[in-house]
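Novice: Okay, handing you the structure first.
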Amino acid sequence: MSKKVAKAVDKRKLMSQIYRYRGFYLLFVPVLIFTVVFHYLPMFGISYAFTEYRGISAPKFVGLENFQRMFSSPGFMRAFFNTLKLSILKLVLNTGMAVIISLLLNEIKNMKFKKTTQTIIYLPHFMSWVVTVSVFSLILSPSQEGLINSLLVNFGVLDKGEEIYFLGSKVWWTPVYYIVNIWKDTGWGTIIFLATLSGISPELYEAGTMDGAGRWDKMRYITLPALANTIITVLILNLAKVMNLFESVFVMQNDAVIQQADVLQTYIYTQTFNSGALPNYGYTTAVGIVKSLVGCALVLSCNYFSKKIRGRGII
Amino acid sequence: MKKRLIAAAVSTTMVATLFTGCGEDPARAELDSEGKPKKILAMVDGTVFTKENGQEEFIQRWEELTGIELEILQPDHDAYYDVMGQTFASGVENWPDVMILSPDYLAGYAQEGALWDMTEAWENSDLKKSGRVTNEELVDNMRINGRVYGFPTQRGNGCITYVKQKWLDNCGLDVPTTYEEYMNMLDVFTNGDPDGNGIDGDTYAVSAAGLIGTEVPYVNYLPEFYQDAYPSFYQKEDGTWVDGFTEDSMKEAIERIRDAYQKGYIDKETLTNGTNDCRTKFYEDKFGVFTYWAGTWATNLKTNLETNGRDSELVAIPPIEELGQYLERRPPIFAITTACKHPEEVFKYFIESMLDGGDMQTLWTYGVENVHWSTKAETVCGNEYAEGEFHMLESLEKPGTQYTKNNIDPMLSIAQFEGEDPGQEQIAEEARSSQQTFNDNSKLAPRVVSSDAMSQYNGDLTTLKNSIIADVITQGVSIEEAYARFEEEGGAEWSQLIVDSLNELENEAEE
């Protein structure tokens, strides 16, 4: 059968398959339209990055001026590096903690206790960031009403009146940010790892036991290799989102820690709403493009290294 | 077949709902036989009664009075200006006819040609001729290059300093009139026992939502410290623009706040406080000096102190000598967009009628009879009213509390009622008194002008300025180091570029 004929047969097959499942395809149409209208068509807005546009009169073409301005702005560079630093470390810490917690949960034999623990650690994920930060503001309050400062004073670590202003301190803000994130999202992150763990064949563990492997050996040689694929997948999928850091930082940042806490999304917000004048959407679009390109590059590079190291990627 | 039909129907419905809201309403483009627009689309913030608070009845009454259909777009109050920006950017066909606009955006939108020039409409209006307008100067103050693009129906109000009378009494102090007396009061409130619980030093004197505000006039929560300093751009008496942040008065103000902060007079959490945090702490008697909105808020503060079992007597103090005058916020205005097909009519029937001195002014000031206010003999929230006595009704959204007003605050309105203000008697004494003290002792905040340079640099500049203020006050950075950073990070250069652009605009306008 020539290639041409084979191609025609394949095409007929495809068409008949589509006709056969036409009901499903019909149901898919709204999703397709939604995706095109709200995800692909807005991409034409990229052209604003090369214009000066204040949202009312027609955009004025300015070439690469917005990009020049961006790369010469200390505010942008600071926000860019803060985004990378905060996001990537947060991703590593959250994933690491999720793996550890999953392994620990996996060791619990009492199902009732295990389920209860799981439910409790999932709960913070459903709290809004505003509520989460309000709760931590109370716990970390620089007064005797703040749980942490009160403990530090009562245990003699600090003198009364010298309480630490965790959220307003350049030194403490970043560690606190990571801790709050771990508290909020680790539990949720364990779901996918626990699902993977439950799929590992018990026979492997039985074989390990017969070969004299202890708990540590079984974890090292059976559990972790089985989790590796999932860890890489989770890392790659989350890497795509690292440049989108906003809400968690926005609700925690303040004027004293802006040098540590200004990230690209908050930078765009400031440029848009705090300039005291009509924002130049052209500039903020340019920042958005750079953000997306970096996010894309991170995912592709992670996928590349995954292929190099493990022989396969996920894209 | 049935399945396919259902699939087709579901699919079509979903596609249709995706595009709901797109398209222009032809009724807005038409006039009726009396020359009135058939429909007006207005975009308002949460200062107009919300849906939960009887907006439907408000619209119904408005339509009864005018014979015009009214549609109100009311985004969430906190996101109002985000949504407004998106609405403008989404295309002229989506713009409302009339909208509430912050003075911060007025100049920018006017310069971009988005707002209708209502100068002639105002100059020739019956309202202006009526003699009931008590504050024409405010309308003039909102002009851009001599033209009126937005109409303020009321003053912008501002913050006044409240001091707990019981704390003053417990410490044997009088109301401070100078900075020295003010600082002495703060010292006693911080290190003494102003709340009378027998423990010295378990209170602090002042709290605020941030060391510097996020909107004009920026300094309104800590006015006694800022005094004559202003952290942004303002016009000197000779008309030239300057950046107040670069002046010595600002450096001195930052140092004053730093000293008070280090001595513990100011709440340690000021940097991260929201206004709600401050109010809660005030109600819990954690501090005794609170600079907050004059007028209706005096009643709210009093009521909440009572609810918390605290002594509720507050003194709204006149500005101390060094401060001279409180700063009054520039008022939000009503503007007509250039998308409006019949702007003269919208001005007449929507904006001008709001201050008609009669039913419509009552509607915008107090709401709808028997929904928001009443004159029947009844008991509302524990308060008894006689037949014929005007009183506000219980809030639909927050049972247990009474409404105080609709969009126009009767104490701030720029036009009098024809005859008596029907709700005059129901205004609480503390609200009236604090408002009067404020009105007698305030000046309008500097106007906000937009320029290309401002649009380009002011976002970064404001972030840098606020960071510098926070560094000096809370992080122990010296004022010299902080201002050196201002130079190093480009703040001084941006500031100069903005000042130059504003002066250039001023010169162009004069020519």
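Just so we're on the same page: first chain in the structure tokens is A, next is B, and so on; residues restart at 1 for each chain, and ligands are numbered from 1 in the order they show up.
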Can you check which residues of chain A have any atom within 9 Å of chain B? Use only C-alpha atoms and format it as an mmCIF file with N, CA and C atoms, in the first residue's frame.
Specialist:
```cif
data_model
loop_
_atom_site.group_PDB
_atom_site.id
_atom_site.type_symbol
_atom_site.label_atom_id
_atom_site.label_comp_id
_atom_site.auth_asym_id
_atom_site.auth_seq_id
_atom_site.Cartn_x
_atom_site.Cartn_y
_atom_site.Cartn_z
ATOM 1 N N ARG A 22 -19.472 12.062 17.602
ATOM 2 C CA ARG A 22 -19.822 13.462 17.343
ATOM 3 C C ARG A 22 -20.477 14.145 18.549
ATOM 4 N N GLY A 23 -21.195 13.377 19.340
ATOM 5 C CA GLY A 23 -21.841 13.949 20.540
ATOM 6 C C GLY A 23 -20.788 14.514 21.489
ATOM 7 N N PHE A 24 -19.735 13.721 21.695
ATOM 8 C CA PHE A 24 -18.658 14.184 22.594
ATOM 9 C C PHE A 24 -17.937 15.397 22.007
ATOM 10 N N LEU A 26 -19.211 17.557 20.062
ATOM 11 C CA LEU A 26 -20.106 18.695 20.186
ATOM 12 C C LEU A 26 -19.992 19.305 21.592
ATOM 13 N N LEU A 27 -19.923 18.406 22.576
ATOM 14 C CA LEU A 27 -19.792 18.888 23.954
ATOM 15 C C LEU A 27 -18.442 19.582 24.180
ATOM 16 N N PHE A 28 -17.460 19.163 23.376
ATOM 17 C CA PHE A 28 -16.117 19.744 23.530
ATOM 18 C C PHE A 28 -16.028 21.155 22.935
ATOM 19 N N VAL A 29 -16.983 21.466 22.024
ATOM 20 C CA VAL A 29 -16.924 22.756 21.318
ATOM 21 C C VAL A 29 -16.829 23.963 22.276
ATOM 22 N N PRO A 30 -17.687 24.048 23.328
ATOM 23 C CA PRO A 30 -17.577 25.219 24.219
ATOM 24 C C PRO A 30 -16.191 25.349 24.840
ATOM 25 N N VAL A 31 -15.612 24.195 25.216
ATOM 26 C CA VAL A 31 -14.284 24.232 25.835
ATOM 27 C C VAL A 31 -13.281 24.778 24.823
ATOM 28 N N ILE A 33 -13.912 26.695 22.217
ATOM 29 C CA ILE A 33 -14.153 28.127 21.987
ATOM 30 C C ILE A 33 -13.620 28.940 23.167
ATOM 31 N N PHE A 34 -13.900 28.452 24.370
ATOM 32 C CA PHE A 34 -13.423 29.148 25.574
ATOM 33 C C PHE A 34 -11.902 29.282 25.529
ATOM 34 N N ARG A 54 -2.375 53.474 27.169
ATOM 35 C CA ARG A 54 -2.948 53.788 28.482
ATOM 36 C C ARG A 54 -4.390 53.327 28.618
ATOM 37 N N GLY A 55 -4.791 52.487 27.715
ATOM 38 C CA GLY A 55 -6.113 51.872 27.854
ATOM 39 C C GLY A 55 -7.239 52.650 27.229
ATOM 40 N N ILE A 56 -6.957 53.832 26.671
ATOM 41 C CA ILE A 56 -8.043 54.625 26.108
ATOM 42 C C ILE A 56 -7.746 54.988 24.645
ATOM 43 N N SER A 57 -6.822 55.918 24.451
ATOM 44 C CA SER A 57 -6.532 56.263 23.046
ATOM 45 C C SER A 57 -5.666 55.175 22.413
ATOM 46 N N SER A 73 15.619 49.151 34.716
ATOM 47 C CA SER A 73 14.943 49.530 35.963
ATOM 48 C C SER A 73 15.405 48.642 37.124
ATOM 49 N N PRO A 74 15.967 49.266 38.172
ATOM 50 C CA PRO A 74 16.391 48.445 39.318
ATOM 51 C C PRO A 74 15.208 47.721 39.955
ATOM 52 N N GLY A 75 14.048 48.343 39.895
ATOM 53 C CA GLY A 75 12.843 47.735 40.476
ATOM 54 C C GLY A 75 12.494 46.434 39.777
ATOM 55 N N PHE A 76 12.596 46.429 38.448
ATOM 56 C CA PHE A 76 12.272 45.221 37.690
ATOM 57 C C PHE A 76 13.290 44.120 37.989
ATOM 58 N N SER A 137 -0.256 36.611 61.347
ATOM 59 C CA SER A 137 0.044 37.932 61.924
ATOM 60 C C SER A 137 -0.219 37.921 63.427
ATOM 61 N N SER A 141 2.741 38.240 66.110
ATOM 62 C CA SER A 141 2.657 39.628 66.572
ATOM 63 C C SER A 141 3.832 39.990 67.490
ATOM 64 N N PRO A 142 4.421 41.185 67.270
ATOM 65 C CA PRO A 142 5.574 41.573 68.101
ATOM 66 C C PRO A 142 5.147 42.094 69.468
ATOM 67 N N SER A 143 4.320 41.325 70.141
ATOM 68 C CA SER A 143 3.861 41.719 71.472
ATOM 69 C C SER A 143 3.652 40.448 72.286
ATOM 70 N N TYR A 165 9.663 41.635 65.344
ATOM 71 C CA TYR A 165 8.594 41.983 64.393
ATOM 72 C C TYR A 165 8.845 41.144 63.127
ATOM 73 N N LEU A 167 7.142 39.908 60.629
ATOM 74 C CA LEU A 167 6.655 40.282 59.294
ATOM 75 C C LEU A 167 7.191 41.636 58.821
ATOM 76 N N GLY A 168 7.771 42.389 59.749
ATOM 77 C CA GLY A 168 8.297 43.698 59.356
ATOM 78 C C GLY A 168 9.808 43.739 59.391
ATOM 79 N N SER A 169 10.439 42.549 59.447
ATOM 80 C CA SER A 169 11.901 42.499 59.549
ATOM 81 C C SER A 169 12.508 41.976 58.255
ATOM 82 N N LYS A 170 13.524 42.685 57.772
ATOM 83 C CA LYS A 170 14.191 42.261 56.531
ATOM 84 C C LYS A 170 14.833 40.883 56.699
ATOM 85 N N MET A 252 1.504 39.425 52.215
ATOM 86 C CA MET A 252 2.491 39.428 53.308
ATOM 87 C C MET A 252 3.472 40.588 53.232
ATOM 88 N N GLN A 253 3.560 41.227 52.054
ATOM 89 C CA GLN A 253 4.610 42.243 51.919
ATOM 90 C C GLN A 253 4.211 43.567 52.564
ATOM 91 N N ASN A 254 5.203 44.344 52.891
ATOM 92 C CA ASN A 254 4.976 45.689 53.418
ATOM 93 C C ASN A 254 6.188 46.536 53.052
ATOM 94 N N ASP A 255 6.104 47.833 53.358
ATOM 95 C CA ASP A 255 7.143 48.752 52.883
ATOM 96 C C ASP A 255 8.549 48.401 53.375
ATOM 97 N N ALA A 256 8.658 47.833 54.577
ATOM 98 C CA ALA A 256 9.987 47.570 55.125
ATOM 99 C C ALA A 256 10.694 46.423 54.407
ATOM 100 N N VAL A 257 9.934 45.510 53.843
ATOM 101 C CA VAL A 257 10.555 44.309 53.269
ATOM 102 C C VAL A 257 10.422 44.276 51.749
ATOM 103 N N ILE A 258 10.120 45.404 51.175
ATOM 104 C CA ILE A 258 9.854 45.424 49.735
ATOM 105 C C ILE A 258 11.066 44.946 48.934
ATOM 106 N N GLN A 259 12.276 45.201 49.469
ATOM 107 C CA GLN A 259 13.468 44.751 48.729
ATOM 108 C C GLN A 259 13.578 43.221 48.691
ATOM 109 N N TYR A 267 5.172 43.740 41.236
ATOM 110 C CA TYR A 267 5.774 44.861 40.514
ATOM 111 C C TYR A 267 4.802 45.374 39.440
ATOM 112 N N THR A 270 2.027 47.241 41.109
ATOM 113 C CA THR A 270 2.425 48.585 41.528
ATOM 114 C C THR A 270 2.469 49.523 40.334
ATOM 115 N N GLN A 271 3.050 49.025 39.236
ATOM 116 C CA GLN A 271 3.156 49.859 38.045
ATOM 117 C C GLN A 271 1.770 50.223 37.505
ATOM 118 N N THR A 272 0.826 49.323 37.689
ATOM 119 C CA THR A 272 -0.509 49.553 37.149
ATOM 120 C C THR A 272 -1.357 50.445 38.059
ATOM 121 N N PHE A 273 -1.322 50.168 39.349
ATOM 122 C CA PHE A 273 -2.279 50.853 40.231
ATOM 123 C C PHE A 273 -1.673 51.895 41.168
ATOM 124 N N ASN A 274 -0.346 51.900 41.339
ATOM 125 C CA ASN A 274 0.221 52.839 42.303
ATOM 126 C C ASN A 274 1.048 53.940 41.669
ATOM 127 N N SER A 275 0.895 54.130 40.366
ATOM 128 C CA SER A 275 1.763 55.125 39.738
ATOM 129 C C SER A 275 1.211 56.533 39.916
ATOM 130 N N GLY A 276 -0.029 56.620 40.365
ATOM 131 C CA GLY A 276 -0.620 57.948 40.548
ATOM 132 C C GLY A 276 -1.010 58.558 39.211
ATOM 133 N N ALA A 277 -0.914 57.794 38.155
ATOM 134 C CA ALA A 277 -1.295 58.273 36.818
ATOM 135 C C ALA A 277 -1.880 57.086 36.077
ATOM 136 N N LEU A 278 -2.363 57.319 34.866
ATOM 137 C CA LEU A 278 -2.877 56.187 34.102
ATOM 138 C C LEU A 278 -1.719 55.260 33.770
ATOM 139 N N PRO A 279 -1.891 53.973 34.008
ATOM 140 C CA PRO A 279 -0.766 53.061 33.771
ATOM 141 C C PRO A 279 -0.451 52.915 32.293
ATOM 142 N N ASN A 280 0.811 52.599 32.002
ATOM 143 C CA ASN A 280 1.185 52.279 30.633
ATOM 144 C C ASN A 280 1.089 50.758 30.489
ATOM 145 N N TYR A 283 4.019 48.800 28.965
ATOM 146 C CA TYR A 283 5.152 48.419 29.803
ATOM 147 C C TYR A 283 4.836 47.168 30.615
#
```
Novice: Would you mind telling me which residue in B:Tyr385, B:Phe417, B:Phe438, B:Phe350 lies nearest to B:Thr161 when using only C-alpha atoms?
Specialist: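 Using only C-alpha atoms, B:Thr161 sits closest to B:Phe438.
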Novice: Could you name the residues that touch B:Gly309 at 9 Å or less, counting only C-alpha atoms, but leaving out those on the same chain fewer than 4 positions away, as a PyMOL selection string?
Specialist: chain B and resi 283-284+304-305
Novice: Might you pull out every residue within 12 Å of B:Ile408, with only C-alpha atoms counted and same-chain residues fewer than 4 positions away left off, and present them as a PDB file with N, CA and C atoms, in the first residue's frame?
Specialist:
```
ATOM      1  N   THR B  47     -20.267  53.169  47.619  1.00  0.00           N
ATOM      2  CA  THR B  47     -20.840  54.280  48.380  1.00  0.00           C
ATOM      3  C   THR B  47     -22.315  54.498  48.036  1.00  0.00           C
ATOM      4  N   VAL B  48     -22.786  53.827  46.988  1.00  0.00           N
ATOM      5  CA  VAL B  48     -24.220  53.846  46.684  1.00  0.00           C
ATOM      6  C   VAL B  48     -24.785  52.542  47.239  1.00  0.00           C
ATOM      7  N   PHE B  49     -26.024  52.565  47.711  1.00  0.00           N
ATOM      8  CA  PHE B  49     -26.596  51.357  48.307  1.00  0.00           C
ATOM      9  C   PHE B  49     -26.369  50.140  47.410  1.00  0.00           C
ATOM     10  N   PRO B 152     -18.162  67.194  41.723  1.00  0.00           N
ATOM     11  CA  PRO B 152     -18.228  66.689  43.093  1.00  0.00           C
ATOM     12  C   PRO B 152     -19.564  67.073  43.732  1.00  0.00           C
ATOM     13  N   THR B 153     -20.294  66.115  44.230  1.00  0.00           N
ATOM     14  CA  THR B 153     -21.562  66.453  44.871  1.00  0.00           C
ATOM     15  C   THR B 153     -21.354  66.739  46.359  1.00  0.00           C
ATOM     16  N   GLN B 154     -20.188  66.385  46.843  1.00  0.00           N
ATOM     17  CA  GLN B 154     -19.909  66.604  48.265  1.00  0.00           C
ATOM     18  C   GLN B 154     -18.415  66.781  48.494  1.00  0.00           C
ATOM     19  N   ARG B 155     -18.070  67.265  49.669  1.00  0.00           N
ATOM     20  CA  ARG B 155     -16.660  67.421  50.029  1.00  0.00           C
ATOM     21  C   ARG B 155     -16.019  66.047  50.181  1.00  0.00           C
ATOM     22  N   GLY B 156     -14.700  66.036  50.146  1.00  0.00           N
ATOM     23  CA  GLY B 156     -14.003  64.744  50.208  1.00  0.00           C
ATOM     24  C   GLY B 156     -13.817  64.209  51.613  1.00  0.00           C
ATOM     25  N   ASN B 157     -14.008  65.062  52.605  1.00  0.00           N
ATOM     26  CA  ASN B 157     -13.807  64.698  54.006  1.00  0.00           C
ATOM     27  C   ASN B 157     -12.347  64.331  54.264  1.00  0.00           C
ATOM     28  N   THR B 296     -19.431  60.772  60.274  1.00  0.00           N
ATOM     29  CA  THR B 296     -20.151  59.546  60.616  1.00  0.00           C
ATOM     30  C   THR B 296     -19.284  58.565  61.416  1.00  0.00           C
ATOM     31  N   PRO B 331     -12.459  65.167  46.632  1.00  0.00           N
ATOM     32  CA  PRO B 331     -13.635  64.281  46.605  1.00  0.00           C
ATOM     33  C   PRO B 331     -13.712  63.435  45.337  1.00  0.00           C
ATOM     34  N   PRO B 332     -14.323  62.264  45.445  1.00  0.00           N
ATOM     35  CA  PRO B 332     -14.646  61.523  44.227  1.00  0.00           C
ATOM     36  C   PRO B 332     -15.651  62.354  43.434  1.00  0.00           C
ATOM     37  N   ILE B 333     -15.642  62.230  42.145  1.00  0.00           N
ATOM     38  CA  ILE B 333     -16.540  63.047  41.331  1.00  0.00           C
ATOM     39  C   ILE B 333     -17.406  62.143  40.436  1.00  0.00           C
ATOM     40  N   PHE B 334     -18.463  62.721  39.934  1.00  0.00           N
ATOM     41  CA  PHE B 334     -19.257  62.035  38.919  1.00  0.00           C
ATOM     42  C   PHE B 334     -18.804  62.570  37.562  1.00  0.00           C
ATOM     43  N   MET B 354     -29.149  65.179  41.299  1.00  0.00           N
ATOM     44  CA  MET B 354     -28.756  64.639  42.613  1.00  0.00           C
ATOM     45  C   MET B 354     -28.823  65.700  43.700  1.00  0.00           C
ATOM     46  N   LEU B 355     -28.656  66.964  43.273  1.00  0.00           N
ATOM     47  CA  LEU B 355     -28.682  68.060  44.247  1.00  0.00           C
ATOM     48  C   LEU B 355     -29.868  68.981  43.975  1.00  0.00           C
ATOM     49  N   MET B 360     -35.072  63.985  44.945  1.00  0.00           N
ATOM     50  CA  MET B 360     -33.902  63.268  44.427  1.00  0.00           C
ATOM     51  C   MET B 360     -32.704  63.420  45.366  1.00  0.00           C
ATOM     52  N   GLN B 361     -32.522  64.611  45.914  1.00  0.00           N
ATOM     53  CA  GLN B 361     -31.415  64.807  46.853  1.00  0.00           C
ATOM     54  C   GLN B 361     -31.634  63.952  48.107  1.00  0.00           C
ATOM     55  N   THR B 362     -32.899  63.847  48.503  1.00  0.00           N
ATOM     56  CA  THR B 362     -33.212  62.998  49.652  1.00  0.00           C
ATOM     57  C   THR B 362     -32.860  61.545  49.331  1.00  0.00           C
ATOM     58  N   LEU B 363     -33.183  61.137  48.089  1.00  0.00           N
ATOM     59  CA  LEU B 363     -32.899  59.761  47.676  1.00  0.00           C
ATOM     60  C   LEU B 363     -31.398  59.466  47.703  1.00  0.00           C
ATOM     61  N   TRP B 364     -30.585  60.390  47.162  1.00  0.00           N
ATOM     62  CA  TRP B 364     -29.137  60.175  47.129  1.00  0.00           C
ATOM     63  C   TRP B 364     -28.501  60.361  48.500  1.00  0.00           C
ATOM     64  N   THR B 365     -29.193  61.098  49.368  1.00  0.00           N
ATOM     65  CA  THR B 365     -28.623  61.350  50.699  1.00  0.00           C
ATOM     66  C   THR B 365     -29.045  60.275  51.707  1.00  0.00           C
ATOM     67  N   TYR B 366     -30.337  59.951  51.680  1.00  0.00           N
ATOM     68  CA  TYR B 366     -30.837  59.040  52.718  1.00  0.00           C
ATOM     69  C   TYR B 366     -31.411  57.732  52.184  1.00  0.00           C
ATOM     70  N   GLY B 367     -31.680  57.655  50.903  1.00  0.00           N
ATOM     71  CA  GLY B 367     -32.245  56.429  50.344  1.00  0.00           C
ATOM     72  C   GLY B 367     -33.744  56.511  50.168  1.00  0.00           C
ATOM     73  N   THR B 404     -26.855  55.131  57.997  1.00  0.00           N
ATOM     74  CA  THR B 404     -26.522  56.518  58.337  1.00  0.00           C
ATOM     75  C   THR B 404     -26.734  57.441  57.145  1.00  0.00           C
ATOM     76  N   LEU B 412     -21.582  66.793  54.275  1.00  0.00           N
ATOM     77  CA  LEU B 412     -20.533  67.148  53.315  1.00  0.00           C
ATOM     78  C   LEU B 412     -21.080  67.669  51.994  1.00  0.00           C
ATOM     79  N   SER B 413     -22.385  67.584  51.836  1.00  0.00           N
ATOM     80  CA  SER B 413     -23.003  67.973  50.569  1.00  0.00           C
ATOM     81  C   SER B 413     -22.644  69.409  50.197  1.00  0.00           C
ATOM     82  N   ILE B 414     -22.484  69.670  48.887  1.00  0.00           N
ATOM     83  CA  ILE B 414     -22.119  71.034  48.489  1.00  0.00           C
ATOM     84  C   ILE B 414     -23.371  71.878  48.189  1.00  0.00           C
ATOM     85  N   ALA B 415     -24.559  71.254  48.331  1.00  0.00           N
ATOM     86  CA  ALA B 415     -25.778  72.044  48.080  1.00  0.00           C
ATOM     87  C   ALA B 415     -26.806  71.806  49.181  1.00  0.00           C
ATOM     88  N   GLN B 416     -27.466  72.859  49.558  1.00  0.00           N
ATOM     89  CA  GLN B 416     -28.484  72.753  50.618  1.00  0.00           C
ATOM     90  C   GLN B 416     -29.794  72.232  50.033  1.00  0.00           C
TER      91      GLN B 416
END
```
Novice: Quick check, in Å to one decimal: how far apart do atom CA of A:Lys241 and atom CA of A:Leu91 lie?
Specialist: 9.8 Å
Novice: Need the shell around stretch 109-126 of chain A: protein/DNA/RNA residues with any atom at most 7 Å away, counting only C-alpha atoms. Skip same-chain ones fewer than 4 positions apart. Format as a ChimeraX atom specification?
Specialist: /A:105,184-185,187-188
Novice: When DSSP is applied to the backbone of this structure, which of stretch 29-243 of chain A are assigned alpha helix (DSSP H)? Write them out as a ChimeraX atom specification.
Specialist: /A:29-35,65-72,74-107,111-122,129-139,147-154,173-198,202-210,215-218,224-239
Novice: List every residue of stretch 394-506 of chain B that DSSP, applied to the backbone of this structure, places in strand (DSSP E or B), and write the result as a VMD selection string.
Specialist: chain B and resid 394 402 413 415 442 to 444
Novice: Using C-alpha atoms, can you export the residues from the last selection as a short mmCIF file (atom, residue, chain, number, x, y, z; two decimals), in the first residue's frame?
Specialist:
```
data_model
loop_
_atom_site.label_atom_id
_atom_site.label_comp_id
_atom_site.auth_asym_id
_atom_site.auth_seq_id
_atom_site.Cartn_x
_atom_site.Cartn_y
_atom_site.Cartn_z
CA GLU B 394 -32.22 49.03 60.37
CA GLN B 402 -29.01 51.61 61.49
CA SER B 413 -23.00 67.97 50.57
CA ALA B 415 -25.78 72.04 48.08
CA SER B 442 -8.88 71.70 56.96
CA LYS B 443 -7.51 72.52 53.55
CA LEU B 444 -7.84 70.62 50.31
#
```
Novice: Could you work out how far atom CA of A:Leu293 lies from atom CA of A:Gln265, giving the answer in Å with one decimal?
Specialist: 14.3 Å
Novice: Got a sec: who's within 12 Å of A:Leu84, counting only C-alpha atoms, leaving out chain neighbours fewer than 2 positions off, as a PyMOL selection string?
Specialist: chain A and resi 77-82+86-92+239-245+260-265+291+294-295+298
Novice: How about saving the chosen residues, C-alpha atoms kept, as a PDB file, in the first residue's frame?
Specialist:
```pdb
ATOM      1  CA  MET A  77      15.618  43.461  38.155  1.00  0.00           C
ATOM      2  CA  ARG A  78      15.016  43.184  41.874  1.00  0.00           C
ATOM      3  CA  ALA A  79      11.514  41.822  41.338  1.00  0.00           C
ATOM      4  CA  PHE A  80      12.811  39.373  38.747  1.00  0.00           C
ATOM      5  CA  PHE A  81      15.473  37.862  40.996  1.00  0.00           C
ATOM      6  CA  ASN A  82      13.172  37.888  44.013  1.00  0.00           C
ATOM      7  CA  LEU A  86      11.305  32.907  46.407  1.00  0.00           C
ATOM      8  CA  SER A  87       9.513  30.639  43.938  1.00  0.00           C
ATOM      9  CA  ILE A  88      12.194  28.085  43.319  1.00  0.00           C
ATOM     10  CA  LEU A  89      13.156  27.712  46.956  1.00  0.00           C
ATOM     11  CA  LYS A  90       9.488  27.530  47.883  1.00  0.00           C
ATOM     12  CA  LEU A  91       8.947  24.847  45.258  1.00  0.00           C
ATOM     13  CA  VAL A  92      11.886  22.786  46.462  1.00  0.00           C
ATOM     14  CA  LEU A 239       8.010  25.126  37.469  1.00  0.00           C
ATOM     15  CA  ALA A 240       5.599  26.449  34.867  1.00  0.00           C
ATOM     16  CA  LYS A 241       3.946  28.423  37.653  1.00  0.00           C
ATOM     17  CA  VAL A 242       6.969  29.778  39.466  1.00  0.00           C
ATOM     18  CA  MET A 243       6.842  33.143  37.749  1.00  0.00           C
ATOM     19  CA  ASN A 244       3.191  33.606  38.719  1.00  0.00           C
ATOM     20  CA  LEU A 245       3.900  34.214  42.379  1.00  0.00           C
ATOM     21  CA  GLN A 260      13.004  41.116  49.709  1.00  0.00           C
ATOM     22  CA  ALA A 261       9.357  40.718  48.793  1.00  0.00           C
ATOM     23  CA  ASP A 262       8.727  42.582  45.561  1.00  0.00           C
ATOM     24  CA  VAL A 263       8.124  39.976  42.852  1.00  0.00           C
ATOM     25  CA  LEU A 264       7.191  40.414  39.208  1.00  0.00           C
ATOM     26  CA  GLN A 265       3.445  40.170  39.734  1.00  0.00           C
ATOM     27  CA  LYS A 291       7.799  36.589  32.849  1.00  0.00           C
ATOM     28  CA  VAL A 294      11.282  32.781  31.595  1.00  0.00           C
ATOM     29  CA  GLY A 295       8.593  30.415  32.904  1.00  0.00           C
ATOM     30  CA  LEU A 298      12.404  26.925  33.020  1.00  0.00           C
TER      31      LEU A 298
END
```
Novice: For B:Thr375, list every protein, DNA or RNA residue within 12 Å, evaluated using only C-alpha atoms, and leave out those in the same chain fewer than 2 positions away; present the list as an NGL selection string.
Specialist: :B and (368-373 or 377-380 or 384-393 or 422-423 or 425-426)
Novice: Using only C-alpha atoms, which of the listed residues (A:Asn149, A:Ser248, A:Thr186, A:Lys13) sits closest to A:Ser134?
Specialist: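 Distance minimum relative to A:Ser134 lands on A:Ser248.
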